[in-house]
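Asker: Sending over a structure as structure tokens; questions will come in a sec.
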Amino acid sequence: MKYRVTCLTPTLVGDGQKLSPIDYMVWKDHVNVLDQKRIFKLLAKGPRLDGYLAQVKKAETLDFASWGGFAQNFAGRRIPFENAGLTPVWNKQRAESLFIPTFASGPAGPYLPASALRGALHTALLASRWTEHAWKHVQDQFQGDRLPRRPAEPAEDTAIGLGGHSRMRAFSVGDSATIPTQAMKVYLVRTSTLVARGQGKLELGWKPAPVFCEMAEPGAIFEGNWSESKFLAQPETLRSLRWKEPVQSGTLAKAANDYAANLLAIHRRYAATAGLTALDANLQHLENWLTRVRDRQNACLLPIGWGTGFLAKTAQPDTDQDAHRKLLRLMPFYSRAIQTGLPFPKTRRVVFLNDQPAALPGWILLEIS
């Protein structure tokens, strides 16, 4: 069996690496990633190596007047900006905003790590099996004097199992094949927030520092291997594992689509509150996709990768529920945000398209055949 992932919004599944401002130069609306080995070999033949090393060591960015020729002649990769208007925006930023997270890539090119798909499907399956009893499991972990390290682990074990008993064992997914680098672009991402203005009114605000990211553009396609365990679907195996039914691609697709519907509705409420009309239109476009695939047993929408935020990592994204807010209030990392009474989370990472805040990162269409 195979899977096919189509990016519906700009998507970044990172490899933990970032391009520093001295790893690249911006020229002709492209991020030109410098081939430093070639540059060192060239400069070692003449007197300019010491000057180059001194600037690399001390400078925040390379001086284009002195070294701009490297962008033209010694670039290992040239990644275009999403649009030409990002070049002047890039020029105005401080150096700390110019570190560019990169897409996962091997010697042959960019690829989609299987862990990104498994993680998103795991969250969706857990959400589909979450019950009031699961909430009680989590609440019970907070009864002692010390905060638990993994408060949801007993509830997760009951819902889908842990380790060798996990229902996620029923399928396996491999890393995708590589795709052409032409599918990658550098996008501008900013973090929106909600600002209280009195009398219950909320207004849109923006965190000051933008982020430039290498992302797969909408329409980019990744393909890889997918398999389902026939052994774990046998009746005697199900009885041994105490599973009522096998986990198949149709089970995962339904869970993922239900989860996506819930998440998109929450995001649309946020977009309406913040007055982000272009973002709301894009979210409606995703809902239209969801309507088209929801009756299929082999297709689903998923949020994956960088920038999808807290809501895409929790089995219960509706933080307006009293049970959820009560638990978040007990956690030091979230308690202050909950005490403000503002919607939680009040921020979103938003991708700018044609200079407009227009999309949430990481939404894909997954098809299995």
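Here, A, B, ... name the chains of the structure tokens in the order displayed, residue numbers run from 1 inside each chain, and ligands are numbered from 1 in the same displayed order.
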Which polymer residues have any atom within 12 Å of an atom of Thr87 in chain A, counting only C-alpha atoms, with same-chain residues fewer than 2 positions away left out, as number ranges by chain?

Answerer: A: 25-31, 80-85, 89-93, 98, 186-188, 212, 355

Asker: As a VMD selection string, please: the residues near Glu245 in chain A (cut-off 10 Å, only C-alpha atoms, same-chain neighbours under 3 positions excluded).

Answerer: chain A and resid 167 232 to 235 238 to 239 242 248 251

Asker: Quick one: write out the picked residues with N, CA and C atoms as a PDB file, in the first residue's frame?

Answerer:
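Ended up saving to again_16.pdb:
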```pdb
ATOM      1  N   ARG A 167      -2.756   0.584  20.004  1.00  0.00           N
ATOM      2  CA  ARG A 167      -3.477   0.323  18.765  1.00  0.00           C
ATOM      3  C   ARG A 167      -2.758   0.907  17.543  1.00  0.00           C
ATOM      4  N   LEU A 232      -2.633  -8.497  13.480  1.00  0.00           N
ATOM      5  CA  LEU A 232      -3.330  -7.795  14.559  1.00  0.00           C
ATOM      6  C   LEU A 232      -4.817  -7.631  14.293  1.00  0.00           C
ATOM      7  N   ALA A 233      -5.264  -8.024  13.087  1.00  0.00           N
ATOM      8  CA  ALA A 233      -6.695  -7.949  12.771  1.00  0.00           C
ATOM      9  C   ALA A 233      -7.390  -9.301  12.931  1.00  0.00           C
ATOM     10  N   GLN A 234      -6.640 -10.350  13.246  1.00  0.00           N
ATOM     11  CA  GLN A 234      -7.230 -11.671  13.426  1.00  0.00           C
ATOM     12  C   GLN A 234      -8.039 -11.721  14.724  1.00  0.00           C
ATOM     13  N   PRO A 235      -9.180 -12.446  14.721  1.00  0.00           N
ATOM     14  CA  PRO A 235     -10.051 -12.473  15.908  1.00  0.00           C
ATOM     15  C   PRO A 235      -9.338 -12.936  17.174  1.00  0.00           C
ATOM     16  N   LEU A 238      -7.131 -10.164  18.474  1.00  0.00           N
ATOM     17  CA  LEU A 238      -7.936  -9.107  19.085  1.00  0.00           C
ATOM     18  C   LEU A 238      -8.380  -9.508  20.492  1.00  0.00           C
ATOM     19  N   ARG A 239      -8.760 -10.759  20.651  1.00  0.00           N
ATOM     20  CA  ARG A 239      -9.175 -11.227  21.984  1.00  0.00           C
ATOM     21  C   ARG A 239      -8.003 -11.185  22.956  1.00  0.00           C
ATOM     22  N   ARG A 242      -7.401  -7.732  23.894  1.00  0.00           N
ATOM     23  CA  ARG A 242      -8.613  -7.124  24.458  1.00  0.00           C
ATOM     24  C   ARG A 242      -9.041  -5.890  23.657  1.00  0.00           C
ATOM     25  N   GLN A 248      -7.904   0.045  11.372  1.00  0.00           N
ATOM     26  CA  GLN A 248      -7.595   0.033   9.951  1.00  0.00           C
ATOM     27  C   GLN A 248      -7.540   1.466   9.433  1.00  0.00           C
ATOM     28  N   THR A 251     -10.599   3.463  10.044  1.00  0.00           N
ATOM     29  CA  THR A 251     -10.726   3.919  11.432  1.00  0.00           C
ATOM     30  C   THR A 251      -9.946   5.199  11.652  1.00  0.00           C
TER      31      THR A 251
END
```

Asker: Which residue, A:Leu42, A:Leu283, A:Ala183, A:Ala323, has the smallest gap to Thr131 in chain A when you use only C-alpha atoms?

Answerer: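 Of all the options, A:Ala323 lies closest to Thr131 in chain A.
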
Asker: Among the residues of range 200-330 of chain A, find those DSSP assigns to helix (DSSP H, G or I) from the backbone and print them as a PyMOL selection string.

Answerer: chain A and resi 231-233+235-241+249-274+277-293+310-313+322-329

Asker: What are the closest atom pairs, with distances in Å to one decimal, for each residue of range 199-281 of chain A lying within 7 Å of range 296-304 of chain A, using only C-alpha atoms, rows by chain and rising residue number, as CSV?

Answerer:
```
residue,atom,partner,partner_atom,distance
A:Ser249,CA,A:Asn298,CA,6.2
A:Gly250,CA,A:Gln297,CA,4.4
A:Ala253,CA,A:Cys300,CA,5.1
A:Ala256,CA,A:Cys300,CA,6.1
A:Asn257,CA,A:Cys300,CA,5.4
A:Ala260,CA,A:Leu301,CA,6.3
```

Asker: Can you tell me which residues surround Trp206 in chain A at a distance of at most 7 Å, considering only C-alpha atoms, apart from same-chain residues fewer than 2 positions away, and format the answer as a compact mmCIF listing (two decimals) with N, CA and C atoms, in the first residue's frame?

Answerer:
```
# COMPACT_ATOMS: atom_id res chain seq x y z
N THR A 191 3.22 35.73 14.49
CA THR A 191 2.38 35.20 15.56
C THR A 191 1.33 36.24 15.93
N SER A 192 0.07 35.88 15.70
CA SER A 192 -1.02 36.77 16.08
C SER A 192 -1.38 36.54 17.54
N THR A 193 -2.01 37.53 18.14
CA THR A 193 -2.48 37.42 19.52
C THR A 193 -3.76 38.23 19.67
N LEU A 204 -7.08 42.32 17.44
CA LEU A 204 -5.93 41.61 16.89
C LEU A 204 -4.64 42.35 17.20
N PRO A 208 6.12 41.00 17.90
CA PRO A 208 7.00 41.85 17.08
C PRO A 208 7.90 41.12 16.11
```

Asker: Using only C-alpha atoms for the distances, tell me which of A:Met1, A:Ala44, A:Ile266, A:Leu147 is nearest to Ile368 in chain A.

Answerer: A:Met1

Asker: Could you list, as a ChimeraX atom specification, every residue within 8 Å of Gln284 in chain A, counting only C-alpha atoms and ignoring same-chain residues fewer than 4 positions away?

Answerer: /A:268,280,288

Asker: Give me, as CSV, each residue of range 125-221 of chain A that comes within 6 Å of range 10-14 of chain A, together with its shortest interatomic pair and the distance in Å at one decimal, counting only C-alpha atoms, with rows ordered by chain and rising residue number.

Answerer:
```
residue,atom,partner,partner_atom,distance
A:Met215,CA,A:Leu12,CA,4.7
A:Ala216,CA,A:Thr11,CA,5.1
A:Glu217,CA,A:Pro10,CA,4.9
A:Pro218,CA,A:Pro10,CA,5.4
```

Asker: Quick one: write out the picked residues with C-alpha atoms as a PDB file, in the first residue's frame?

Answerer:
```
ATOM      1  CA  MET A 215       8.156  25.369   3.686  1.00  0.00           C
ATOM      2  CA  ALA A 216       6.612  23.046   1.124  1.00  0.00           C
ATOM      3  CA  GLU A 217       4.211  25.081  -0.978  1.00  0.00           C
ATOM      4  CA  PRO A 218       0.501  24.226  -1.331  1.00  0.00           C
TER       5      PRO A 218
END
```

Asker: Pick from A:Glu223, A:Glu214, A:Asp145, A:Asp140: nearest to Ser176 in chain A, with only C-alpha atoms counted?

Answerer: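 Smallest distance to Ser176 in chain A is found for A:Glu223.
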